[in-house]
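Below is target_24.cif, which holds mmCIF, C-alpha atoms and all ligand atoms.
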```
data_data
loop_
_atom_site.group_PDB
_atom_site.id
_atom_site.type_symbol
_atom_site.label_atom_id
_atom_site.label_comp_id
_atom_site.auth_asym_id
_atom_site.auth_seq_id
_atom_site.Cartn_x
_atom_site.Cartn_y
_atom_site.Cartn_z
ATOM 1 C CA MET D 3 96.457 177.004 155.769
ATOM 2 C CA ILE D 4 95.943 178.712 152.408
ATOM 3 C CA ARG D 5 99.018 179.158 150.278
ATOM 4 C CA GLY D 6 98.426 181.535 147.398
ATOM 5 C CA ARG D 7 100.908 182.642 144.797
ATOM 6 C CA PHE D 8 102.011 185.392 142.470
ATOM 7 C CA ALA D 9 103.082 183.989 139.108
ATOM 8 C CA PRO D 10 104.089 186.967 136.962
ATOM 9 C CA SER D 11 105.677 186.526 133.534
ATOM 10 C CA PRO D 12 108.655 188.886 133.482
ATOM 11 C CA SER D 13 108.448 189.705 129.793
ATOM 12 C CA GLY D 14 108.407 193.447 130.392
ATOM 13 C CA ARG D 15 107.301 195.948 133.006
ATOM 14 C CA MET D 16 104.050 194.936 134.719
ATOM 15 C CA HIS D 17 100.902 196.770 133.666
ATOM 16 C CA LEU D 18 97.889 197.741 135.682
ATOM 17 C CA GLY D 19 96.114 194.461 134.868
ATOM 18 C CA ASN D 20 99.012 192.439 136.287
ATOM 19 C CA LEU D 21 98.835 194.508 139.466
ATOM 20 C CA TRP D 22 95.107 194.033 139.705
ATOM 21 C CA SER D 23 95.424 190.216 139.638
ATOM 22 C CA ALA D 24 98.383 190.334 142.028
ATOM 23 C CA LEU D 25 96.509 192.533 144.499
ATOM 24 C CA LEU D 26 93.428 190.297 144.491
ATOM 25 C CA ALA D 27 95.496 187.106 144.833
ATOM 26 C CA TRP D 28 97.376 188.629 147.772
ATOM 27 C CA LEU D 29 94.191 189.879 149.467
ATOM 28 C CA SER D 30 92.456 186.534 149.062
ATOM 29 C CA ALA D 31 95.328 184.668 150.749
ATOM 30 C CA ARG D 32 96.187 187.247 153.416
ATOM 31 C CA SER D 33 92.571 187.875 154.438
ATOM 32 C CA ALA D 34 92.355 184.161 155.258
ATOM 33 C CA GLY D 35 95.608 184.363 157.263
ATOM 34 C CA GLY D 36 97.374 182.505 154.458
ATOM 35 C CA GLU D 37 100.827 182.540 152.939
ATOM 36 C CA MET D 38 101.837 183.934 149.591
ATOM 37 C CA VAL D 39 104.686 182.643 147.445
ATOM 38 C CA LEU D 40 106.276 184.210 144.395
ATOM 39 C CA ARG D 41 107.228 182.405 141.226
ATOM 40 C CA LEU D 42 108.784 184.204 138.299
ATOM 41 C CA GLU D 43 107.503 182.560 135.138
ATOM 42 C CA ASP D 44 110.584 183.315 133.074
ATOM 43 C CA LEU D 45 110.601 180.047 131.120
ATOM 44 C CA ASP D 46 110.586 181.544 127.674
ATOM 45 C CA PRO D 47 114.117 182.779 126.900
ATOM 46 C CA ASP D 48 112.851 184.713 123.874
ATOM 47 C CA ARG D 49 110.570 186.909 125.966
ATOM 48 C CA CYS D 50 111.978 187.097 129.499
ATOM 49 C CA ARG D 51 114.982 189.006 130.856
ATOM 50 C CA PRO D 52 116.600 188.764 134.323
ATOM 51 C CA ALA D 53 116.296 192.545 134.719
ATOM 52 C CA TYR D 54 112.511 192.270 134.357
ATOM 53 C CA CYS D 55 112.415 189.785 137.262
ATOM 54 C CA ASP D 56 114.088 192.303 139.567
ATOM 55 C CA GLN D 57 111.733 195.003 138.360
ATOM 56 C CA VAL D 58 108.634 192.857 138.982
ATOM 57 C CA MET D 59 109.714 192.267 142.585
ATOM 58 C CA GLU D 60 110.549 195.908 143.116
ATOM 59 C CA ASP D 61 107.149 196.963 141.727
ATOM 60 C CA LEU D 62 105.244 194.471 143.921
ATOM 61 C CA GLU D 63 107.091 195.726 146.998
ATOM 62 C CA TRP D 64 106.475 199.328 146.030
ATOM 63 C CA LEU D 65 102.770 198.583 145.877
ATOM 64 C CA GLY D 66 102.852 197.044 149.360
ATOM 65 C CA LEU D 67 102.559 193.372 148.366
ATOM 66 C CA ASP D 68 104.869 190.925 150.129
ATOM 67 C CA TRP D 69 105.544 187.203 149.913
ATOM 68 C CA ASP D 70 106.926 184.374 152.019
ATOM 69 C CA ASN D 71 110.046 182.310 151.263
ATOM 70 C CA GLN D 72 112.537 182.854 148.480
ATOM 71 C CA PRO D 73 111.182 183.575 144.999
ATOM 72 C CA VAL D 74 111.249 180.626 142.603
ATOM 73 C CA TYR D 75 112.562 181.131 139.054
ATOM 74 C CA GLN D 76 111.161 178.807 136.427
ATOM 75 C CA SER D 77 114.259 179.304 134.259
ATOM 76 C CA ARG D 78 116.270 177.438 136.921
ATOM 77 C CA ARG D 79 113.993 174.409 137.109
ATOM 78 C CA THR D 80 114.427 172.719 133.734
ATOM 79 C CA GLU D 81 115.701 169.502 135.347
ATOM 80 C CA PHE D 82 112.586 169.316 137.511
ATOM 81 C CA TYR D 83 110.294 169.816 134.488
ATOM 82 C CA ARG D 84 112.238 167.101 132.667
ATOM 83 C CA GLU D 85 111.416 164.669 135.501
ATOM 84 C CA ILE D 86 107.746 165.592 135.502
ATOM 85 C CA PHE D 87 107.623 165.241 131.716
ATOM 86 C CA ALA D 88 109.276 161.808 132.033
ATOM 87 C CA SER D 89 106.656 160.731 134.574
ATOM 88 C CA PHE D 90 103.895 161.543 132.071
ATOM 89 C CA GLU D 91 105.865 159.702 129.391
ATOM 90 C CA LYS D 92 106.055 156.668 131.663
ATOM 91 C CA GLN D 93 102.283 156.733 131.965
ATOM 92 C CA GLY D 94 102.193 156.398 128.155
ATOM 93 C CA LEU D 95 100.456 159.742 127.744
ATOM 94 C CA VAL D 96 102.962 161.705 125.666
ATOM 95 C CA TYR D 97 103.584 161.667 121.905
ATOM 96 C CA PRO D 98 105.621 163.706 119.430
ATOM 97 C CA CYS D 99 103.706 166.054 117.172
ATOM 98 C CA TYR D 100 105.324 167.037 113.893
ATOM 99 C CA CYS D 101 102.575 169.326 112.668
ATOM 100 C CA THR D 102 103.654 172.712 111.449
ATOM 101 C CA ARG D 103 101.618 175.708 112.495
ATOM 102 C CA ALA D 104 99.699 175.655 109.219
ATOM 103 C CA GLU D 105 98.966 171.929 109.568
ATOM 104 C CA ARG D 106 97.846 172.422 113.146
ATOM 105 C CA LEU D 107 95.431 175.119 112.145
ATOM 106 C CA ALA D 108 94.070 173.052 109.278
ATOM 107 C CA ALA D 109 93.588 170.067 111.602
ATOM 108 C CA SER D 110 91.968 171.984 114.450
ATOM 109 C CA ALA D 111 88.676 173.447 115.501
ATOM 110 C CA PRO D 112 88.367 176.617 117.582
ATOM 111 C CA HIS D 113 87.873 176.167 121.309
ATOM 112 C CA LEU D 114 84.359 176.833 122.476
ATOM 113 C CA SER D 115 85.106 179.580 124.941
ATOM 114 C CA ASP D 116 88.357 181.281 124.059
ATOM 115 C CA GLY D 117 89.069 180.621 120.398
ATOM 116 C CA VAL D 118 92.164 178.515 121.187
ATOM 117 C CA GLN D 119 92.601 175.822 118.551
ATOM 118 C CA ILE D 120 91.605 172.305 119.569
ATOM 119 C CA TYR D 121 94.139 169.883 118.140
ATOM 120 C CA SER D 122 92.631 167.052 116.137
ATOM 121 C CA GLY D 123 95.052 164.391 117.374
ATOM 122 C CA ARG D 124 96.557 164.019 113.885
ATOM 123 C CA CYS D 125 99.982 162.820 115.155
ATOM 124 C CA ARG D 126 98.629 160.694 118.018
ATOM 125 C CA ASN D 127 98.587 157.453 116.059
ATOM 126 C CA LEU D 128 101.213 158.193 113.465
ATOM 127 C CA PRO D 129 102.513 154.970 111.831
ATOM 128 C CA PRO D 130 106.106 154.481 113.110
ATOM 129 C CA GLU D 131 107.565 154.642 109.609
ATOM 130 C CA GLU D 132 105.953 158.009 108.947
ATOM 131 C CA GLY D 133 107.153 159.282 112.345
ATOM 132 C CA ARG D 134 110.737 158.236 111.538
ATOM 133 C CA LEU D 135 110.634 160.049 108.221
ATOM 134 C CA LEU D 136 109.246 163.223 109.741
ATOM 135 C CA ALA D 137 111.829 163.104 112.539
ATOM 136 C CA GLN D 138 114.589 163.438 109.944
ATOM 137 C CA SER D 139 113.469 166.885 108.903
ATOM 138 C CA ARG D 140 111.573 168.352 111.875
ATOM 139 C CA LYS D 141 111.880 168.665 115.622
ATOM 140 C CA PRO D 142 108.614 167.617 117.237
ATOM 141 C CA ALA D 143 106.608 169.331 119.937
ATOM 142 C CA TRP D 144 105.358 166.915 122.602
ATOM 143 C CA ARG D 145 101.680 166.551 123.407
ATOM 144 C CA ILE D 146 99.766 164.809 126.133
ATOM 145 C CA THR D 147 96.755 162.663 125.240
ATOM 146 C CA VAL D 148 93.631 163.762 127.048
ATOM 147 C CA PRO D 149 90.737 161.391 127.755
ATOM 148 C CA ASP D 150 87.084 161.854 126.899
ATOM 149 C CA GLN D 151 86.448 163.065 130.429
ATOM 150 C CA VAL D 152 84.426 165.863 131.988
ATOM 151 C CA ILE D 153 86.229 168.052 134.500
ATOM 152 C CA GLN D 154 84.157 170.296 136.721
ATOM 153 C CA PHE D 155 85.275 172.720 139.408
ATOM 154 C CA ASP D 156 83.758 175.535 141.449
ATOM 155 C CA ASP D 157 85.463 178.817 140.808
ATOM 156 C CA LEU D 158 85.613 181.180 143.792
ATOM 157 C CA LEU D 159 84.060 183.943 141.693
ATOM 158 C CA TYR D 160 82.425 182.447 138.600
ATOM 159 C CA GLY D 161 80.938 179.324 140.206
ATOM 160 C CA SER D 162 80.688 175.972 138.460
ATOM 161 C CA TYR D 163 82.803 175.553 135.315
ATOM 162 C CA THR D 164 82.801 172.384 133.223
ATOM 163 C CA GLU D 165 84.766 171.133 130.243
ATOM 164 C CA ASN D 166 85.100 167.881 128.404
ATOM 165 C CA LEU D 167 88.847 167.559 127.835
ATOM 166 C CA ALA D 168 88.716 165.701 124.509
ATOM 167 C CA ARG D 169 85.931 167.816 123.034
ATOM 168 C CA ASP D 170 86.676 171.281 124.434
ATOM 169 C CA CYS D 171 90.427 171.217 124.852
ATOM 170 C CA GLY D 172 92.166 168.425 122.920
ATOM 171 C CA ASP D 173 95.678 167.031 123.321
ATOM 172 C CA PHE D 174 97.869 169.915 124.429
ATOM 173 C CA ILE D 175 101.568 170.706 124.270
ATOM 174 C CA LEU D 176 103.846 169.913 127.215
ATOM 175 C CA ARG D 177 107.080 170.747 125.492
ATOM 176 C CA ARG D 178 107.636 173.005 122.530
ATOM 177 C CA SER D 179 109.654 171.962 119.503
ATOM 178 C CA ASP D 180 112.495 174.267 120.633
ATOM 179 C CA GLY D 181 112.738 172.239 123.867
ATOM 180 C CA VAL D 182 111.096 174.833 126.148
ATOM 181 C CA TYR D 183 108.603 173.269 128.563
ATOM 182 C CA ALA D 184 105.115 174.636 128.068
ATOM 183 C CA TYR D 185 103.250 176.854 130.499
ATOM 184 C CA GLN D 186 100.659 174.121 131.267
ATOM 185 C CA LEU D 187 103.307 171.671 132.414
ATOM 186 C CA ALA D 188 105.435 174.153 134.362
ATOM 187 C CA VAL D 189 102.545 175.857 136.122
ATOM 188 C CA VAL D 190 101.090 172.594 137.431
ATOM 189 C CA ALA D 191 104.459 171.068 138.318
ATOM 190 C CA ASP D 192 105.395 174.189 140.269
ATOM 191 C CA ASP D 193 102.074 174.757 142.013
ATOM 192 C CA TRP D 194 102.189 171.088 143.030
ATOM 193 C CA ASP D 195 105.815 171.245 144.184
ATOM 194 C CA MET D 196 105.384 174.567 146.019
ATOM 195 C CA GLY D 197 102.326 173.342 147.923
ATOM 196 C CA VAL D 198 100.024 175.982 146.435
ATOM 197 C CA THR D 199 96.437 175.563 147.647
ATOM 198 C CA GLN D 200 94.820 178.625 146.061
ATOM 199 C CA VAL D 201 95.286 180.038 142.566
ATOM 200 C CA VAL D 202 93.901 183.508 141.870
ATOM 201 C CA ARG D 203 94.502 184.934 138.390
ATOM 202 C CA GLY D 204 92.839 186.593 135.406
ATOM 203 C CA ARG D 205 89.773 184.982 133.876
ATOM 204 C CA ASP D 206 91.627 184.583 130.584
ATOM 205 C CA LEU D 207 93.072 181.453 132.237
ATOM 206 C CA LEU D 208 89.697 180.026 133.307
ATOM 207 C CA SER D 209 89.628 177.654 130.330
ATOM 208 C CA SER D 210 93.145 176.358 131.140
ATOM 209 C CA THR D 211 91.978 175.206 134.550
ATOM 210 C CA PRO D 212 90.312 171.869 133.632
ATOM 211 C CA ARG D 213 93.461 170.608 131.913
ATOM 212 C CA GLN D 214 95.547 171.805 134.857
ATOM 213 C CA ILE D 215 93.274 169.987 137.324
ATOM 214 C CA TRP D 216 93.620 166.876 135.210
ATOM 215 C CA LEU D 217 97.444 167.186 135.214
ATOM 216 C CA TRP D 218 97.341 167.617 138.996
ATOM 217 C CA GLU D 219 95.462 164.348 139.245
ATOM 218 C CA ARG D 220 98.088 162.675 137.068
ATOM 219 C CA LEU D 221 100.772 163.885 139.494
ATOM 220 C CA GLY D 222 98.755 162.496 142.367
ATOM 221 C CA GLY D 223 97.659 165.506 144.356
ATOM 222 C CA ASP D 224 94.634 167.489 145.412
ATOM 223 C CA PRO D 225 94.284 170.442 143.058
ATOM 224 C CA PRO D 226 94.180 173.900 144.625
ATOM 225 C CA GLU D 227 91.048 176.014 144.711
ATOM 226 C CA PHE D 228 90.781 178.457 141.831
ATOM 227 C CA GLY D 229 89.485 181.995 141.750
ATOM 228 C CA HIS D 230 89.512 183.830 138.454
ATOM 229 C CA VAL D 231 89.104 187.580 138.395
ATOM 230 C CA PRO D 232 87.694 189.789 135.652
ATOM 231 C CA LEU D 233 90.085 191.476 133.286
ATOM 232 C CA LEU D 234 91.111 195.043 133.672
ATOM 233 C CA LEU D 235 90.839 196.574 130.204
ATOM 234 C CA ALA D 236 92.264 199.729 128.686
ATOM 235 C CA PRO D 237 89.927 202.764 128.804
ATOM 236 C CA ASP D 238 88.813 201.995 125.222
ATOM 237 C CA GLY D 239 87.959 198.364 126.085
ATOM 238 C CA ARG D 240 91.073 196.733 124.592
ATOM 239 C CA ARG D 241 93.017 194.027 126.421
ATOM 240 C CA LEU D 242 95.989 195.592 128.204
ATOM 241 C CA ALA D 243 99.381 194.750 126.797
ATOM 242 C CA LYS D 244 102.820 195.378 128.192
ATOM 243 C CA ARG D 245 103.555 197.643 125.256
ATOM 244 C CA ASP D 246 100.845 200.116 126.342
ATOM 245 C CA ARG D 247 103.133 202.712 127.831
ATOM 246 C CA ASP D 248 100.442 204.551 129.767
ATOM 247 C CA GLN D 249 99.319 201.392 131.592
ATOM 248 C CA GLU D 250 102.715 200.200 132.715
ATOM 249 C CA LEU D 251 104.249 200.728 136.087
ATOM 250 C CA GLY D 252 107.103 202.993 135.015
ATOM 251 C CA TRP D 253 104.645 205.570 133.744
ATOM 252 C CA LEU D 254 102.096 205.030 136.519
ATOM 253 C CA ARG D 255 104.683 205.377 139.273
ATOM 254 C CA GLN D 256 105.606 208.823 137.997
ATOM 255 C CA ARG D 257 102.010 209.987 138.340
ATOM 256 C CA PHE D 258 100.494 208.114 141.252
ATOM 257 C CA THR D 259 101.496 207.032 144.722
ATOM 258 C CA ALA D 260 101.040 203.362 145.579
ATOM 259 C CA PRO D 261 97.955 204.047 147.790
ATOM 260 C CA GLU D 262 96.392 206.083 144.967
ATOM 261 C CA LEU D 263 96.763 203.179 142.540
ATOM 262 C CA VAL D 264 95.606 200.582 145.064
ATOM 263 C CA GLY D 265 92.581 202.760 145.905
ATOM 264 C CA ARG D 266 91.554 202.821 142.245
ATOM 265 C CA LEU D 267 92.035 199.074 141.836
ATOM 266 C CA ALA D 268 89.995 198.449 144.995
ATOM 267 C CA LEU D 269 87.196 200.716 143.760
ATOM 268 C CA TRP D 270 87.026 198.942 140.368
ATOM 269 C CA ALA D 271 87.137 195.530 142.057
ATOM 270 C CA GLY D 272 84.134 196.365 144.244
ATOM 271 C CA LEU D 273 86.040 196.494 147.546
ATOM 272 C CA LEU D 274 85.537 200.247 148.082
ATOM 273 C CA SER D 275 82.303 202.082 147.367
ATOM 274 C CA GLU D 276 84.126 205.321 146.648
ATOM 275 C CA TYR D 277 87.668 206.160 145.771
ATOM 276 C CA ALA D 278 90.170 206.725 148.585
ATOM 277 C CA PRO D 279 93.917 206.140 148.695
ATOM 278 C CA VAL D 280 94.536 202.943 150.601
ATOM 279 C CA THR D 281 97.295 200.390 151.240
ATOM 280 C CA PRO D 282 96.894 196.678 150.523
ATOM 281 C CA ALA D 283 97.198 195.988 154.274
ATOM 282 C CA GLU D 284 94.252 198.318 154.956
ATOM 283 C CA LEU D 285 92.158 196.366 152.454
ATOM 284 C CA VAL D 286 92.746 192.994 154.128
ATOM 285 C CA PRO D 287 89.778 193.284 156.540
ATOM 286 C CA LEU D 288 87.523 194.493 153.676
ATOM 287 C CA PHE D 289 88.256 191.626 151.317
ATOM 288 C CA ASP D 290 85.381 189.293 150.531
ATOM 289 C CA TRP D 291 84.872 187.255 147.330
ATOM 290 C CA GLY D 292 81.177 188.159 147.530
ATOM 291 C CA LYS D 293 82.024 191.810 146.835
ATOM 292 C CA ILE D 294 84.211 191.236 143.792
ATOM 293 C CA ARG D 295 82.584 192.171 140.515
ATOM 294 C CA LYS D 296 82.376 189.587 137.744
ATOM 295 C CA GLU D 297 82.353 191.848 134.690
ATOM 296 C CA ASP D 298 85.538 193.073 133.075
ATOM 297 C CA VAL D 299 86.490 196.610 134.036
ATOM 298 C CA ARG D 300 87.555 199.458 131.764
ATOM 299 C CA ASN D 301 90.093 201.433 133.639
ATOM 300 C CA GLY D 302 90.151 205.204 133.721
ATOM 301 C CA THR D 303 93.166 206.109 135.765
ATOM 302 C CA GLU D 304 91.903 209.685 136.088
ATOM 303 C CA SER D 305 88.755 208.717 138.015
HETATM 304 N N1 LIG S 401 102.355 183.820 134.253
HETATM 305 C C1 LIG S 401 100.980 183.999 133.918
HETATM 306 C C2 LIG S 401 100.705 185.448 133.607
HETATM 307 O O1 LIG S 401 101.461 186.317 134.023
HETATM 308 C C3 LIG S 401 100.050 183.582 135.025
HETATM 309 C C4 LIG S 401 99.950 182.140 135.113
HETATM 310 C C5 LIG S 401 99.014 181.643 136.209
HETATM 311 O O2 LIG S 401 98.642 182.412 137.111
HETATM 312 O O3 LIG S 401 98.711 180.476 136.173
HETATM 313 O O4 LIG S 401 99.734 185.713 132.951
#
```
Show the structure stored in the file as structure tokens.
Amino acid sequence: MIRGRFAPSPSGRMHLGNLWSALLAWLSARSAGGEMVLRLEDLDPDRCRPAYCDQVMEDLEWLGLDWDNQPVYQSRRTEFYREIFASFEKQGLVYPCYCTRAERLAASAPHLSDGVQIYSGRCRNLPPEEGRLLAQSRKPAWRITVPDQVIQFDDLLYGSYTENLARDCGDFILRRSDGVYAYQLAVVADDWDMGVTQVVRGRDLLSSTPRQIWLWERLGGDPPEFGHVPLLLAPDGRRLAKRDRDQELGWLRQRFTAPELVGRLALWAGLLSEYAPVTPAELVPLFDWGKIRKEDVRNGTES
């Protein structure tokens, strides 16, 4: 049975783009008779607030999206991440990185597809004496060494996607210098632990998928299937941000009913040929990956 998931970051009120990914993830799982679990990705104490978690759940319910089991909070799972981190350490894959941001940038090349910096591996083979000296004045971040290995997977929407980990990604951070476990570690550890078999999310995370598949293999599991969906952009083509007041749920809920919003999202996704108010449950029989558009969508909430 398919087990999909919502994995919102409660760093503010959700915006229309968050809803769009959540709706498509839910439809993909439910239309296959699958389960849906909810994980609140509130790992970063600087950005996330407990009140936002409650609001995220209330907004999902308002829209007509439900989930199975109790929600999982990443902020309560530090001990579990510590164990997973230790298992990678035991495999001899982890090393401390003392580079400052400026040093990292100087020692990196931009990622082919998304402009993310590829770390050069500068601290990978640091002479012990140098490491000891640096440790006196800086707290390290912790990176995992990636091999010169090609990872390929078939995305449910975008088809075959391939990356060479060493060339296109580079050693990446598992734990930040302030002690917070990184998204890449937590997301894989949790999807693995929660038995997730299908990940549907925005295509901005497409290029994170090869390294996540590789981490899955290190944990000893079959990676889930992945479906990335196009991004929903602001009417002027910008990426949506939580600070855009007119795209966030507080504002939208004052102007639209849930079926009106879902109808618009379904139209933009390619699931309806013309606009009509609709509930997520009514869309379940209409859902088909073959209908979903691949290009990013500019939203015009007045359409
Ligand atoms: N928490 C991430 C976000 O809200 C999603 C992570 C994922 O789906 O892997 O963008």
Quick one: which residues end up in the PyMOL selection byres (((chain D and resi 56) around 12) and not hetatm) for this structure, as a count of residues only?
24
Let me see if you get this right: every residue at most 9 Å from ligand LIG 401 (chain S), counting only C-alpha atoms and all ligand atoms, written as a PyMOL selection string.
chain D and resi 7-13+20+23+41-44+185-186+189-190+193+201-204+206-207+210-211
In Å, with one decimal, what is the gap from CA of Arg140 in chain D to CA of Ala191 in chain D?
27.5 Å
I need the residue nearest Leu29 in chain D from this list: D:Glu276, D:Asp298, D:Asp290, D:Asp46. Use only C-alpha atoms for the distance.
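So, comparing all the options, the nearest one is D:Asp290.
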Run through the PyMOL selection byres (((chain D and resi 4) around 6) and not hetatm) on the given coordinates and return the selected residues as a short mmCIF file (atom, residue, chain, number, x, y, z; two decimals) with C-alpha atoms, in the frame of the given file.
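Output file out36.cif is given in full below:
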```
data_model
loop_
_atom_site.label_atom_id
_atom_site.label_comp_id
_atom_site.auth_asym_id
_atom_site.auth_seq_id
_atom_site.Cartn_x
_atom_site.Cartn_y
_atom_site.Cartn_z
CA MET D 3 96.46 177.00 155.77
CA ARG D 5 99.02 179.16 150.28
CA GLY D 36 97.37 182.50 154.46
CA THR D 199 96.44 175.56 147.65
#
```
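Across the model, the gap from CA of Ser139 in chain D to CA of Gly181 in chain D is 15.9 Å.
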Evaluate the PyMOL selection byres (((chain D and resi 174) around 7) and not hetatm) and record the selected residues as a list in words, following the chain and residue labels used in the document.
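Selected by the PyMOL selection byres (((chain D and resi 174) around 7) and not hetatm) here: Arg145, Ile146, Gly172, Asp173, Ile175 and Leu176 of chain D.
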Need to verify the contact set: Ala236 in chain D, 10 Å, all atoms listed in the file, exclusion of same-chain residues closer than 2 positions in sequence. Can you return it as a PyMOL selection string?
chain D and resi 18-19+233-234+238-243+246+248-249+299-303
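CA of Ala27 in chain D to CA of Leu158 in chain D spans 11.6 Å [interatomic distance, one decimal].
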Do you know which residues are at most 8 Å from Cys171 in chain D counting all atoms listed in the file, after dropping those on the same chain fewer than 6 positions away, and could you put them as a PyMOL selection string?
chain D and resi 113+120-121+165+213
Skipping near chain neighbours, those fewer than 3 positions away, what residues fall within 12 Å of Cys99 in chain D using all atoms listed in the file, listed as a PDB file with C-alpha atoms, in the coordinates of the input?
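Generated file (selection28.pdb):
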```
ATOM      1  CA  VAL D  96     102.962 161.705 125.666  1.00  0.00           C
ATOM      2  CA  THR D 102     103.654 172.712 111.449  1.00  0.00           C
ATOM      3  CA  ARG D 103     101.618 175.708 112.495  1.00  0.00           C
ATOM      4  CA  GLU D 105      98.966 171.929 109.568  1.00  0.00           C
ATOM      5  CA  ARG D 106      97.846 172.422 113.146  1.00  0.00           C
ATOM      6  CA  TYR D 121      94.139 169.883 118.140  1.00  0.00           C
ATOM      7  CA  SER D 122      92.631 167.052 116.137  1.00  0.00           C
ATOM      8  CA  GLY D 123      95.052 164.391 117.374  1.00  0.00           C
ATOM      9  CA  ARG D 124      96.557 164.019 113.885  1.00  0.00           C
ATOM     10  CA  CYS D 125      99.982 162.820 115.155  1.00  0.00           C
ATOM     11  CA  ARG D 126      98.629 160.694 118.018  1.00  0.00           C
ATOM     12  CA  ASN D 127      98.587 157.453 116.059  1.00  0.00           C
ATOM     13  CA  LEU D 128     101.213 158.193 113.465  1.00  0.00           C
ATOM     14  CA  GLU D 132     105.953 158.009 108.947  1.00  0.00           C
ATOM     15  CA  GLY D 133     107.153 159.282 112.345  1.00  0.00           C
ATOM     16  CA  ARG D 134     110.737 158.236 111.538  1.00  0.00           C
ATOM     17  CA  LEU D 136     109.246 163.223 109.741  1.00  0.00           C
ATOM     18  CA  ALA D 137     111.829 163.104 112.539  1.00  0.00           C
ATOM     19  CA  ARG D 140     111.573 168.352 111.875  1.00  0.00           C
ATOM     20  CA  LYS D 141     111.880 168.665 115.622  1.00  0.00           C
ATOM     21  CA  PRO D 142     108.614 167.617 117.237  1.00  0.00           C
ATOM     22  CA  ALA D 143     106.608 169.331 119.937  1.00  0.00           C
ATOM     23  CA  TRP D 144     105.358 166.915 122.602  1.00  0.00           C
ATOM     24  CA  ARG D 145     101.680 166.551 123.407  1.00  0.00           C
ATOM     25  CA  ILE D 146      99.766 164.809 126.133  1.00  0.00           C
ATOM     26  CA  THR D 147      96.755 162.663 125.240  1.00  0.00           C
ATOM     27  CA  ASP D 173      95.678 167.031 123.321  1.00  0.00           C
ATOM     28  CA  PHE D 174      97.869 169.915 124.429  1.00  0.00           C
ATOM     29  CA  ILE D 175     101.568 170.706 124.270  1.00  0.00           C
ATOM     30  CA  LEU D 176     103.846 169.913 127.215  1.00  0.00           C
ATOM     31  CA  ARG D 177     107.080 170.747 125.492  1.00  0.00           C
ATOM     32  CA  ARG D 178     107.636 173.005 122.530  1.00  0.00           C
ATOM     33  CA  SER D 179     109.654 171.962 119.503  1.00  0.00           C
TER      34      SER D 179
END
```
